[in-house]
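S.K.: Pasting a structure here, questions to come.
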Amino acid sequence: MSAPLIAFIILVFMIFGMALGSYLRLVLPYDHTQADSKDILISSAGMMATLIALIIGLLVTSAKGNYDVTTSGITQSAAKIITIDYYLSNYGPDAKASRELVRQATATAIERIWPNESTQGADLAKMETATGMTDVYNNIRGLTPQNDSQKYLQTQALQISSDMMQSRWMLIEQSQTNLPRIFLVVLTFWLTVLFAQFGLLAPRNRTAKSALFICSLSMSFAIYIILELNNPLEGTIKVSSAPLHKALSLIGK
């Protein structure tokens, strides 16, 4: 399921919990929500709220870390593209075909990761079958150095192209890392129970209901952001294509 749908489902459960708590406030005997019982409800709600806040904080840190790693990988790939083009330009006219392959591979990668620069997700299937950098590697390996300088440049270019093939698979694997479904189910249960307790304690007026609704909406947005950051190549919060576009504008000149 998509991140917006998951966040909406969790929002529905929180609202259901709030409505259930409000209903129980009407049907339960008066002493069940007053005095000592009320203190217990407040303490348990506070404990659950602390637990959920801790889990949400850990999830945000983990998802942001995954997003930052992917962004760093894209930036490093762009730097390597510029570097390999520099080595090939100094190699001489014989490396012209290799430079063109690097340019084509870069343009293809941008098109597959950021199709039309929209919110559409990256085409992982095409990324897995892409052979752009493999073609670059094989083409560079087929060059015949005429001196030690060309031999050095070929070796360096081969090393960078090999690193980039590995980086491509790292991006593919990282983009397929999702939160376990059971974790989302448990988190949804905790939030439902928490808002049921809030509904049980809250007075029946518009101010209290509005405050609880805003809290549930904010929580669903937080979960949405976590899910988006956890999949940095898809959705609305995607890594920037600027580094690769910059590299594309510089290479082949």
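We label chains A, B, ... in the order they appear in the structure tokens, count residues from 1 in each chain, and number ligands from 1 in the order shown.
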Please list as a PDB file with N, CA, C and O atoms, in the first residue's frame every residue within 12 Å of Thr61 of chain A, counting only C-alpha atoms and excluding residues in the same chain fewer than 3 positions away.
M.R.:
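Saved the output as part_32.pdb:
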ATOM      1  N   LEU A  54       8.312   7.700  21.796  1.00  0.00           N
ATOM      2  CA  LEU A  54       9.643   7.114  21.668  1.00  0.00           C
ATOM      3  C   LEU A  54       9.776   6.337  20.363  1.00  0.00           C
ATOM      4  O   LEU A  54      10.768   6.486  19.631  1.00  0.00           O
ATOM      5  N   ILE A  55       8.771   5.528  20.050  1.00  0.00           N
ATOM      6  CA  ILE A  55       8.808   4.725  18.823  1.00  0.00           C
ATOM      7  C   ILE A  55       8.780   5.623  17.585  1.00  0.00           C
ATOM      8  O   ILE A  55       9.543   5.410  16.632  1.00  0.00           O
ATOM      9  N   ILE A  56       7.914   6.642  17.603  1.00  0.00           N
ATOM     10  CA  ILE A  56       7.839   7.558  16.471  1.00  0.00           C
ATOM     11  C   ILE A  56       9.174   8.277  16.275  1.00  0.00           C
ATOM     12  O   ILE A  56       9.649   8.451  15.142  1.00  0.00           O
ATOM     13  N   GLY A  57       9.801   8.675  17.382  1.00  0.00           N
ATOM     14  CA  GLY A  57      11.097   9.341  17.295  1.00  0.00           C
ATOM     15  C   GLY A  57      12.158   8.444  16.678  1.00  0.00           C
ATOM     16  O   GLY A  57      12.950   8.879  15.839  1.00  0.00           O
ATOM     17  N   LEU A  58      12.183   7.176  17.088  1.00  0.00           N
ATOM     18  CA  LEU A  58      13.146   6.227  16.528  1.00  0.00           C
ATOM     19  C   LEU A  58      12.883   5.997  15.044  1.00  0.00           C
ATOM     20  O   LEU A  58      13.821   5.886  14.241  1.00  0.00           O
ATOM     21  N   LYS A  64      14.922   9.103   8.308  1.00  0.00           N
ATOM     22  CA  LYS A  64      15.753  10.231   7.863  1.00  0.00           C
ATOM     23  C   LYS A  64      17.161   9.748   7.527  1.00  0.00           C
ATOM     24  O   LYS A  64      17.779  10.238   6.556  1.00  0.00           O
ATOM     25  N   GLY A  65      17.665   8.788   8.314  1.00  0.00           N
ATOM     26  CA  GLY A  65      18.982   8.235   8.013  1.00  0.00           C
ATOM     27  C   GLY A  65      19.003   7.533   6.668  1.00  0.00           C
ATOM     28  O   GLY A  65      19.960   7.680   5.888  1.00  0.00           O
ATOM     29  N   ASN A  66      17.945   6.776   6.372  1.00  0.00           N
ATOM     30  CA  ASN A  66      17.844   6.090   5.084  1.00  0.00           C
ATOM     31  C   ASN A  66      17.771   7.096   3.937  1.00  0.00           C
ATOM     32  O   ASN A  66      18.408   6.917   2.890  1.00  0.00           O
ATOM     33  N   TYR A  67      17.019   8.164   4.141  1.00  0.00           N
ATOM     34  CA  TYR A  67      16.899   9.219   3.129  1.00  0.00           C
ATOM     35  C   TYR A  67      18.251   9.896   2.897  1.00  0.00           C
ATOM     36  O   TYR A  67      18.652  10.143   1.754  1.00  0.00           O
ATOM     37  N   ASP A  68      18.957  10.189   3.981  1.00  0.00           N
ATOM     38  CA  ASP A  68      20.260  10.850   3.863  1.00  0.00           C
ATOM     39  C   ASP A  68      21.282   9.961   3.175  1.00  0.00           C
ATOM     40  O   ASP A  68      22.116  10.445   2.398  1.00  0.00           O
ATOM     41  N   ILE A 225       5.085  11.002   6.740  1.00  0.00           N
ATOM     42  CA  ILE A 225       6.438  11.484   6.473  1.00  0.00           C
ATOM     43  C   ILE A 225       7.463  10.376   6.698  1.00  0.00           C
ATOM     44  O   ILE A 225       8.418  10.220   5.922  1.00  0.00           O
ATOM     45  N   ILE A 226       7.262   9.575   7.736  1.00  0.00           N
ATOM     46  CA  ILE A 226       8.176   8.457   8.005  1.00  0.00           C
ATOM     47  C   ILE A 226       8.189   7.483   6.839  1.00  0.00           C
ATOM     48  O   ILE A 226       9.249   7.050   6.367  1.00  0.00           O
ATOM     49  N   LEU A 227       7.003   7.117   6.359  1.00  0.00           N
ATOM     50  CA  LEU A 227       6.904   6.181   5.248  1.00  0.00           C
ATOM     51  C   LEU A 227       7.519   6.756   3.973  1.00  0.00           C
ATOM     52  O   LEU A 227       8.155   6.038   3.193  1.00  0.00           O
ATOM     53  N   LEU A 229       9.960   9.114   3.781  1.00  0.00           N
ATOM     54  CA  LEU A 229      11.414   9.171   3.937  1.00  0.00           C
ATOM     55  C   LEU A 229      12.046   7.791   3.849  1.00  0.00           C
ATOM     56  O   LEU A 229      13.200   7.653   3.431  1.00  0.00           O
ATOM     57  N   ASN A 230      11.278   6.775   4.235  1.00  0.00           N
ATOM     58  CA  ASN A 230      11.810   5.407   4.191  1.00  0.00           C
ATOM     59  C   ASN A 230      11.916   4.880   2.762  1.00  0.00           C
ATOM     60  O   ASN A 230      12.578   3.871   2.518  1.00  0.00           O
TER      61      ASN A 230
END
S.K.: Determine, counting only C-alpha atoms, which protein, DNA and RNA residues have an atom within 10 Å of an atom of Leu153 of chain A; residues of the same chain fewer than 6 positions away are not included. Present the result as a PDB file with N, CA, C and O atoms, in the first residue's frame.
M.R.:
ATOM      1  N   ILE A  84      35.087  10.305 -13.738  1.00  0.00           N
ATOM      2  CA  ILE A  84      35.384   9.329 -14.785  1.00  0.00           C
ATOM      3  C   ILE A  84      35.428  10.000 -16.152  1.00  0.00           C
ATOM      4  O   ILE A  84      36.245   9.640 -17.016  1.00  0.00           O
ATOM      5  N   TYR A  86      36.407  13.026 -16.623  1.00  0.00           N
ATOM      6  CA  TYR A  86      37.689  13.749 -16.643  1.00  0.00           C
ATOM      7  C   TYR A  86      38.828  12.807 -17.048  1.00  0.00           C
ATOM      8  O   TYR A  86      39.671  13.154 -17.883  1.00  0.00           O
ATOM      9  N   TYR A  87      38.849  11.610 -16.448  1.00  0.00           N
ATOM     10  CA  TYR A  87      39.893  10.642 -16.797  1.00  0.00           C
ATOM     11  C   TYR A  87      39.819  10.259 -18.277  1.00  0.00           C
ATOM     12  O   TYR A  87      40.848  10.180 -18.966  1.00  0.00           O
ATOM     13  N   LEU A  88      38.613  10.039 -18.751  1.00  0.00           N
ATOM     14  CA  LEU A  88      38.458   9.614 -20.144  1.00  0.00           C
ATOM     15  C   LEU A  88      38.801  10.743 -21.115  1.00  0.00           C
ATOM     16  O   LEU A  88      39.332  10.490 -22.202  1.00  0.00           O
ATOM     17  N   SER A  89      38.500  11.993 -20.721  1.00  0.00           N
ATOM     18  CA  SER A  89      38.841  13.117 -21.602  1.00  0.00           C
ATOM     19  C   SER A  89      40.346  13.277 -21.731  1.00  0.00           C
ATOM     20  O   SER A  89      40.858  13.687 -22.781  1.00  0.00           O
ATOM     21  N   ASN A  90      41.071  12.948 -20.642  1.00  0.00           N
ATOM     22  CA  ASN A  90      42.527  13.026 -20.686  1.00  0.00           C
ATOM     23  C   ASN A  90      43.165  11.811 -21.346  1.00  0.00           C
ATOM     24  O   ASN A  90      44.346  11.864 -21.709  1.00  0.00           O
ATOM     25  N   TYR A  91      42.384  10.745 -21.458  1.00  0.00           N
ATOM     26  CA  TYR A  91      42.905   9.542 -22.113  1.00  0.00           C
ATOM     27  C   TYR A  91      43.174   9.806 -23.592  1.00  0.00           C
ATOM     28  O   TYR A  91      44.153   9.339 -24.165  1.00  0.00           O
ATOM     29  N   ILE A 140      35.593   0.606 -21.533  1.00  0.00           N
ATOM     30  CA  ILE A 140      36.876   1.107 -21.008  1.00  0.00           C
ATOM     31  C   ILE A 140      37.900  -0.018 -20.939  1.00  0.00           C
ATOM     32  O   ILE A 140      39.084   0.175 -21.256  1.00  0.00           O
ATOM     33  N   PRO A 145      45.814   0.949 -23.982  1.00  0.00           N
ATOM     34  CA  PRO A 145      46.713   2.044 -23.610  1.00  0.00           C
ATOM     35  C   PRO A 145      48.026   2.000 -24.405  1.00  0.00           C
ATOM     36  O   PRO A 145      48.588   0.928 -24.624  1.00  0.00           O
ATOM     37  N   GLN A 159      38.090   1.498 -12.093  1.00  0.00           N
ATOM     38  CA  GLN A 159      37.766   1.424 -10.671  1.00  0.00           C
ATOM     39  C   GLN A 159      36.503   2.213 -10.354  1.00  0.00           C
ATOM     40  O   GLN A 159      35.612   1.742  -9.633  1.00  0.00           O
TER      41      GLN A 159
END
S.K.: Please provide the set of residues having any atom within 10 Å of Ala242 of chain A, restricted to only C-alpha atoms, with same-chain residues fewer than 6 positions apart removed, written as a PyMOL selection string.
M.R.: chain A and resi 74-75+78+110+248
S.K.: How would the residues just picked look written out with C-alpha atoms as a tab-separated table (two decimals), in the first residue's frame?
M.R.:
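In the end it all went to again.tsv:
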chain	number	residue	atom	x	y	z
A	74	ILE	CA	23.24	10.09	-5.50
A	75	THR	CA	25.66	12.94	-4.80
A	78	ALA	CA	27.36	12.44	-9.64
A	110	ILE	CA	17.78	10.29	-14.44
A	248	LEU	CA	25.11	15.56	-17.07
S.K.: For Leu200 of chain A, work out the shell of residues within 6 Å, counting only C-alpha atoms and skipping chain neighbours fewer than 3 positions away, then give it as JSON, numbers by chain.
M.R.: {"A": [21, 22, 25, 197]}
S.K.: Using only C-alpha atoms, determine which residues lie at most 8 Å from segment 96-109 of chain A, disregarding the query and same-chain residues fewer than 2 positions distant; provide the list as a short mmCIF file (atom, residue, chain, number, x, y, z; two decimals) with all heavy atoms, in the first residue's frame.
M.R.:
data_model
loop_
_atom_site.label_atom_id
_atom_site.label_comp_id
_atom_site.auth_asym_id
_atom_site.auth_seq_id
_atom_site.Cartn_x
_atom_site.Cartn_y
_atom_site.Cartn_z
N ILE A 81 30.76 10.39 -11.70
CA ILE A 81 30.51 10.55 -13.13
C ILE A 81 31.40 11.66 -13.71
O ILE A 81 32.00 11.50 -14.78
CB ILE A 81 29.02 10.86 -13.38
CG1 ILE A 81 28.17 9.62 -13.11
CG2 ILE A 81 28.79 11.36 -14.81
CD1 ILE A 81 26.68 9.88 -13.11
N ASP A 85 34.57 11.01 -16.35
CA ASP A 85 34.60 11.74 -17.61
C ASP A 85 35.91 12.52 -17.74
O ASP A 85 36.47 12.63 -18.85
CB ASP A 85 33.41 12.68 -17.69
CG ASP A 85 33.36 13.43 -19.01
OD1 ASP A 85 33.01 12.80 -20.04
OD2 ASP A 85 33.64 14.64 -19.02
N LEU A 88 38.61 10.04 -18.75
CA LEU A 88 38.46 9.61 -20.14
C LEU A 88 38.80 10.74 -21.12
O LEU A 88 39.33 10.49 -22.20
CB LEU A 88 37.02 9.14 -20.38
CG LEU A 88 36.62 7.85 -19.64
CD1 LEU A 88 35.14 7.55 -19.85
CD2 LEU A 88 37.47 6.66 -20.11
N SER A 89 38.50 11.99 -20.72
CA SER A 89 38.84 13.12 -21.60
C SER A 89 40.35 13.28 -21.73
O SER A 89 40.86 13.69 -22.78
CB SER A 89 38.22 14.40 -21.07
OG SER A 89 38.79 14.78 -19.82
N GLY A 92 42.27 10.55 -24.21
CA GLY A 92 42.46 10.86 -25.62
C GLY A 92 41.25 10.52 -26.47
O GLY A 92 40.21 10.08 -25.96
N PRO A 93 41.37 10.71 -27.78
CA PRO A 93 40.24 10.46 -28.70
C PRO A 93 39.71 9.03 -28.65
O PRO A 93 38.53 8.80 -28.94
CB PRO A 93 40.84 10.78 -30.08
CG PRO A 93 41.99 11.69 -29.79
CD PRO A 93 42.55 11.24 -28.48
N ASP A 94 40.57 8.07 -28.29
CA ASP A 94 40.12 6.67 -28.27
C ASP A 94 39.02 6.43 -27.24
O ASP A 94 38.27 5.45 -27.34
CB ASP A 94 41.31 5.74 -27.97
CG ASP A 94 42.31 5.70 -29.11
OD1 ASP A 94 41.95 6.13 -30.23
OD2 ASP A 94 43.45 5.27 -28.87
N GLU A 111 16.20 9.51 -16.09
CA GLU A 111 14.85 9.24 -16.61
C GLU A 111 14.15 8.14 -15.83
O GLU A 111 12.93 8.18 -15.62
CB GLU A 111 14.95 8.85 -18.08
CG GLU A 111 13.60 8.60 -18.75
CD GLU A 111 13.74 8.21 -20.21
OE1 GLU A 111 14.86 8.28 -20.74
OE2 GLU A 111 12.71 7.82 -20.81
N ARG A 112 14.92 7.15 -15.37
CA ARG A 112 14.30 6.02 -14.67
C ARG A 112 14.04 6.31 -13.20
O ARG A 112 13.07 5.81 -12.63
CB ARG A 112 15.20 4.79 -14.82
CG ARG A 112 15.17 4.22 -16.23
CD ARG A 112 16.16 3.09 -16.42
NE ARG A 112 16.02 2.51 -17.75
CZ ARG A 112 16.84 1.60 -18.26
NH1 ARG A 112 17.86 1.15 -17.54
NH2 ARG A 112 16.64 1.12 -19.47
N ILE A 113 14.90 7.11 -12.58
CA ILE A 113 14.71 7.42 -11.16
C ILE A 113 13.71 8.56 -10.98
O ILE A 113 12.91 8.58 -10.04
CB ILE A 113 16.06 7.77 -10.49
CG1 ILE A 113 17.01 6.58 -10.60
CG2 ILE A 113 15.85 8.13 -9.02
CD1 ILE A 113 18.39 6.86 -10.04
N MET A 127 15.64 -0.31 -13.59
CA MET A 127 16.93 -0.04 -12.96
C MET A 127 17.71 -1.33 -12.74
O MET A 127 18.93 -1.38 -12.90
CB MET A 127 16.74 0.67 -11.61
CG MET A 127 16.32 2.12 -11.73
SD MET A 127 16.07 2.90 -10.11
CE MET A 127 17.73 2.80 -9.44
N GLY A 132 23.82 0.19 -18.46
CA GLY A 132 24.59 1.37 -18.87
C GLY A 132 26.01 1.37 -18.35
O GLY A 132 26.97 1.47 -19.13
N MET A 133 26.18 1.24 -17.04
CA MET A 133 27.52 1.27 -16.47
C MET A 133 28.30 0.01 -16.80
O MET A 133 29.53 0.05 -16.88
CB MET A 133 27.44 1.47 -14.96
CG MET A 133 26.99 2.87 -14.53
SD MET A 133 27.86 4.21 -15.40
CE MET A 133 29.57 3.88 -14.97
N ASP A 135 28.14 -1.47 -19.69
CA ASP A 135 28.66 -1.17 -21.03
C ASP A 135 29.84 -0.23 -20.96
O ASP A 135 30.82 -0.38 -21.71
CB ASP A 135 27.55 -0.56 -21.89
CG ASP A 135 26.42 -1.55 -22.17
OD1 ASP A 135 26.67 -2.76 -22.07
OD2 ASP A 135 25.30 -1.09 -22.48
N VAL A 136 29.75 0.75 -20.05
CA VAL A 136 30.87 1.68 -19.88
C VAL A 136 32.11 0.93 -19.42
O VAL A 136 33.22 1.13 -19.95
CB VAL A 136 30.51 2.78 -18.86
CG1 VAL A 136 31.73 3.62 -18.50
CG2 VAL A 136 29.41 3.68 -19.40
N ASN A 139 33.56 -1.19 -22.19
CA ASN A 139 34.17 -0.36 -23.23
C ASN A 139 35.53 0.17 -22.78
O ASN A 139 36.49 0.19 -23.57
CB ASN A 139 33.24 0.79 -23.59
CG ASN A 139 33.66 1.52 -24.84
OD1 ASN A 139 34.54 2.38 -24.81
ND2 ASN A 139 33.04 1.17 -25.97
N ILE A 140 35.59 0.61 -21.53
CA ILE A 140 36.88 1.11 -21.01
C ILE A 140 37.90 -0.02 -20.94
O ILE A 140 39.08 0.18 -21.26
CB ILE A 140 36.67 1.74 -19.62
CG1 ILE A 140 35.77 2.98 -19.73
CG2 ILE A 140 38.01 2.12 -18.99
CD1 ILE A 140 35.40 3.59 -18.39
N LEU A 244 22.82 14.79 -10.34
CA LEU A 244 23.00 14.08 -11.61
C LEU A 244 22.76 15.01 -12.80
O LEU A 244 23.43 14.88 -13.83
CB LEU A 244 22.07 12.87 -11.68
CG LEU A 244 22.44 11.69 -10.78
CD1 LEU A 244 21.50 10.52 -11.04
CD2 LEU A 244 23.88 11.25 -11.00
N LEU A 248 25.45 15.73 -15.65
CA LEU A 248 25.11 15.56 -17.07
C LEU A 248 25.46 16.80 -17.88
O LEU A 248 25.85 16.72 -19.04
CB LEU A 248 23.63 15.22 -17.21
CG LEU A 248 23.13 14.89 -18.62
CD1 LEU A 248 23.82 13.65 -19.16
CD2 LEU A 248 21.61 14.70 -18.61
N ILE A 251 29.62 16.75 -18.24
CA ILE A 251 30.40 15.70 -18.91
C ILE A 251 30.24 15.79 -20.42
O ILE A 251 29.29 16.36 -20.94
CB ILE A 251 29.96 14.30 -18.43
CG1 ILE A 251 28.49 14.03 -18.78
CG2 ILE A 251 30.19 14.15 -16.95
CD1 ILE A 251 28.01 12.65 -18.40
N GLY A 252 31.21 15.22 -21.11
CA GLY A 252 31.18 15.15 -22.57
C GLY A 252 31.61 16.43 -23.25
O GLY A 252 31.46 16.56 -24.46
#
S.K.: In terms of the shortest atom-to-atom distance over only C-alpha atoms, which of A:Leu212, A:Leu217, A:Ile82, A:Ile182 is closest to Ser161 of chain A?
M.R.: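 For Ser161 of chain A, the nearest of the candidates is A:Ile82.
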S.K.: Could you give me, as JSON, numbers by chain, the residues within 12 Å of segment 2-17 of chain A, counting only C-alpha atoms and dropping anything in the same chain fewer than 4 positions from it?
M.R.: {"A": [21, 22, 23, 24, 120, 121, 178, 179, 181, 184, 185, 186, 187, 188, 189, 190, 191, 192, 193, 194, 195, 196, 197, 198, 199, 200, 209, 210, 211, 212, 213, 214, 215, 216, 217, 218, 219, 220, 221, 222, 223, 224, 225, 226, 227, 228, 229, 230, 231, 232, 234, 235, 236, 237]}
S.K.: Taking C-alpha atoms for each residue, export the selection above as an mmCIF file, in the first residue's frame.
M.R.:
data_model
loop_
_atom_site.group_PDB
_atom_site.id
_atom_site.type_symbol
_atom_site.label_atom_id
_atom_site.label_comp_id
_atom_site.auth_asym_id
_atom_site.auth_seq_id
_atom_site.Cartn_x
_atom_site.Cartn_y
_atom_site.Cartn_z
ATOM 1 C CA GLY A 21 -13.942 6.463 24.047
ATOM 2 C CA SER A 22 -16.651 9.139 23.800
ATOM 3 C CA TYR A 23 -19.318 6.416 23.613
ATOM 4 C CA LEU A 24 -17.895 4.580 26.623
ATOM 5 C CA GLN A 120 5.871 8.900 -9.913
ATOM 6 C CA GLY A 121 8.137 6.340 -8.295
ATOM 7 C CA ASN A 178 10.015 -1.216 4.025
ATOM 8 C CA LEU A 179 8.727 -1.122 7.569
ATOM 9 C CA ARG A 181 3.721 -4.843 8.378
ATOM 10 C CA LEU A 184 2.522 -0.878 11.565
ATOM 11 C CA VAL A 185 -0.309 -3.064 12.882
ATOM 12 C CA VAL A 186 0.976 -2.834 16.465
ATOM 13 C CA LEU A 187 1.527 0.921 16.165
ATOM 14 C CA THR A 188 -2.014 1.353 14.834
ATOM 15 C CA PHE A 189 -3.370 -0.653 17.795
ATOM 16 C CA TRP A 190 -1.453 1.494 20.286
ATOM 17 C CA LEU A 191 -2.718 4.711 18.697
ATOM 18 C CA THR A 192 -6.308 3.426 18.644
ATOM 19 C CA VAL A 193 -6.168 2.549 22.336
ATOM 20 C CA LEU A 194 -4.516 5.866 23.186
ATOM 21 C CA PHE A 195 -7.191 7.928 21.432
ATOM 22 C CA ALA A 196 -9.901 5.768 22.967
ATOM 23 C CA GLN A 197 -8.518 6.794 26.357
ATOM 24 C CA PHE A 198 -8.433 10.428 25.258
ATOM 25 C CA GLY A 199 -12.055 10.163 24.129
ATOM 26 C CA LEU A 200 -12.995 8.602 27.446
ATOM 27 C CA LYS A 209 -13.106 17.133 19.928
ATOM 28 C CA SER A 210 -11.313 19.567 17.621
ATOM 29 C CA ALA A 211 -8.114 19.302 19.661
ATOM 30 C CA LEU A 212 -8.202 15.507 19.528
ATOM 31 C CA PHE A 213 -8.893 15.523 15.799
ATOM 32 C CA ILE A 214 -5.939 17.842 15.170
ATOM 33 C CA CYS A 215 -3.741 15.546 17.280
ATOM 34 C CA SER A 216 -4.821 12.479 15.301
ATOM 35 C CA LEU A 217 -4.310 14.335 12.015
ATOM 36 C CA SER A 218 -0.830 15.429 13.092
ATOM 37 C CA MET A 219 0.055 11.868 14.080
ATOM 38 C CA SER A 220 -1.068 10.512 10.706
ATOM 39 C CA PHE A 221 1.037 13.176 8.952
ATOM 40 C CA ALA A 222 4.042 12.109 11.022
ATOM 41 C CA ILE A 223 3.555 8.484 9.966
ATOM 42 C CA TYR A 224 3.128 9.611 6.347
ATOM 43 C CA ILE A 225 6.438 11.484 6.473
ATOM 44 C CA ILE A 226 8.176 8.457 8.005
ATOM 45 C CA LEU A 227 6.904 6.181 5.248
ATOM 46 C CA GLU A 228 7.895 8.704 2.567
ATOM 47 C CA LEU A 229 11.414 9.171 3.937
ATOM 48 C CA ASN A 230 11.810 5.407 4.191
ATOM 49 C CA ASN A 231 11.293 5.158 0.404
ATOM 50 C CA PRO A 232 13.405 8.051 -0.927
ATOM 51 C CA GLU A 234 9.254 7.072 -4.561
ATOM 52 C CA GLY A 235 6.359 9.284 -3.503
ATOM 53 C CA THR A 236 6.360 13.046 -2.997
ATOM 54 C CA ILE A 237 9.467 13.295 -0.791
#
S.K.: Quick one: pull the distance between atom CA of Met164 of chain A and atom CA of Ser77 of chain A, Å, one decimal.
M.R.: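 Atom CA of Met164 of chain A sits 6.5 Å away from atom CA of Ser77 of chain A.
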S.K.: Which of segment 3-244 of chain A counts as helix (DSSP H, G or I) under DSSP, as a ChimeraX atom specification please?
M.R.: /A:3-27,30-32,35-91,93-113,115-117,124-129,132-141,148-175,181-201,206-230,242-244
S.K.: Just checking: using only C-alpha atoms, which residue out of A:Leu233, A:Val60, A:Ala79, A:Ala49 ends up closest to Ala247 of chain A?
M.R.: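 Nearest candidate to Ala247 of chain A out of A:Leu233, A:Val60, A:Ala79, A:Ala49: A:Ala79.
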S.K.: Could you tell me how far atom CA of Arg141 of chain A sits from atom CA of Leu158 of chain A, in Å to one decimal place?
M.R.: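 Computed distance, atom CA of Leu158 of chain A to atom CA of Arg141 of chain A, equals 6.9 Å.
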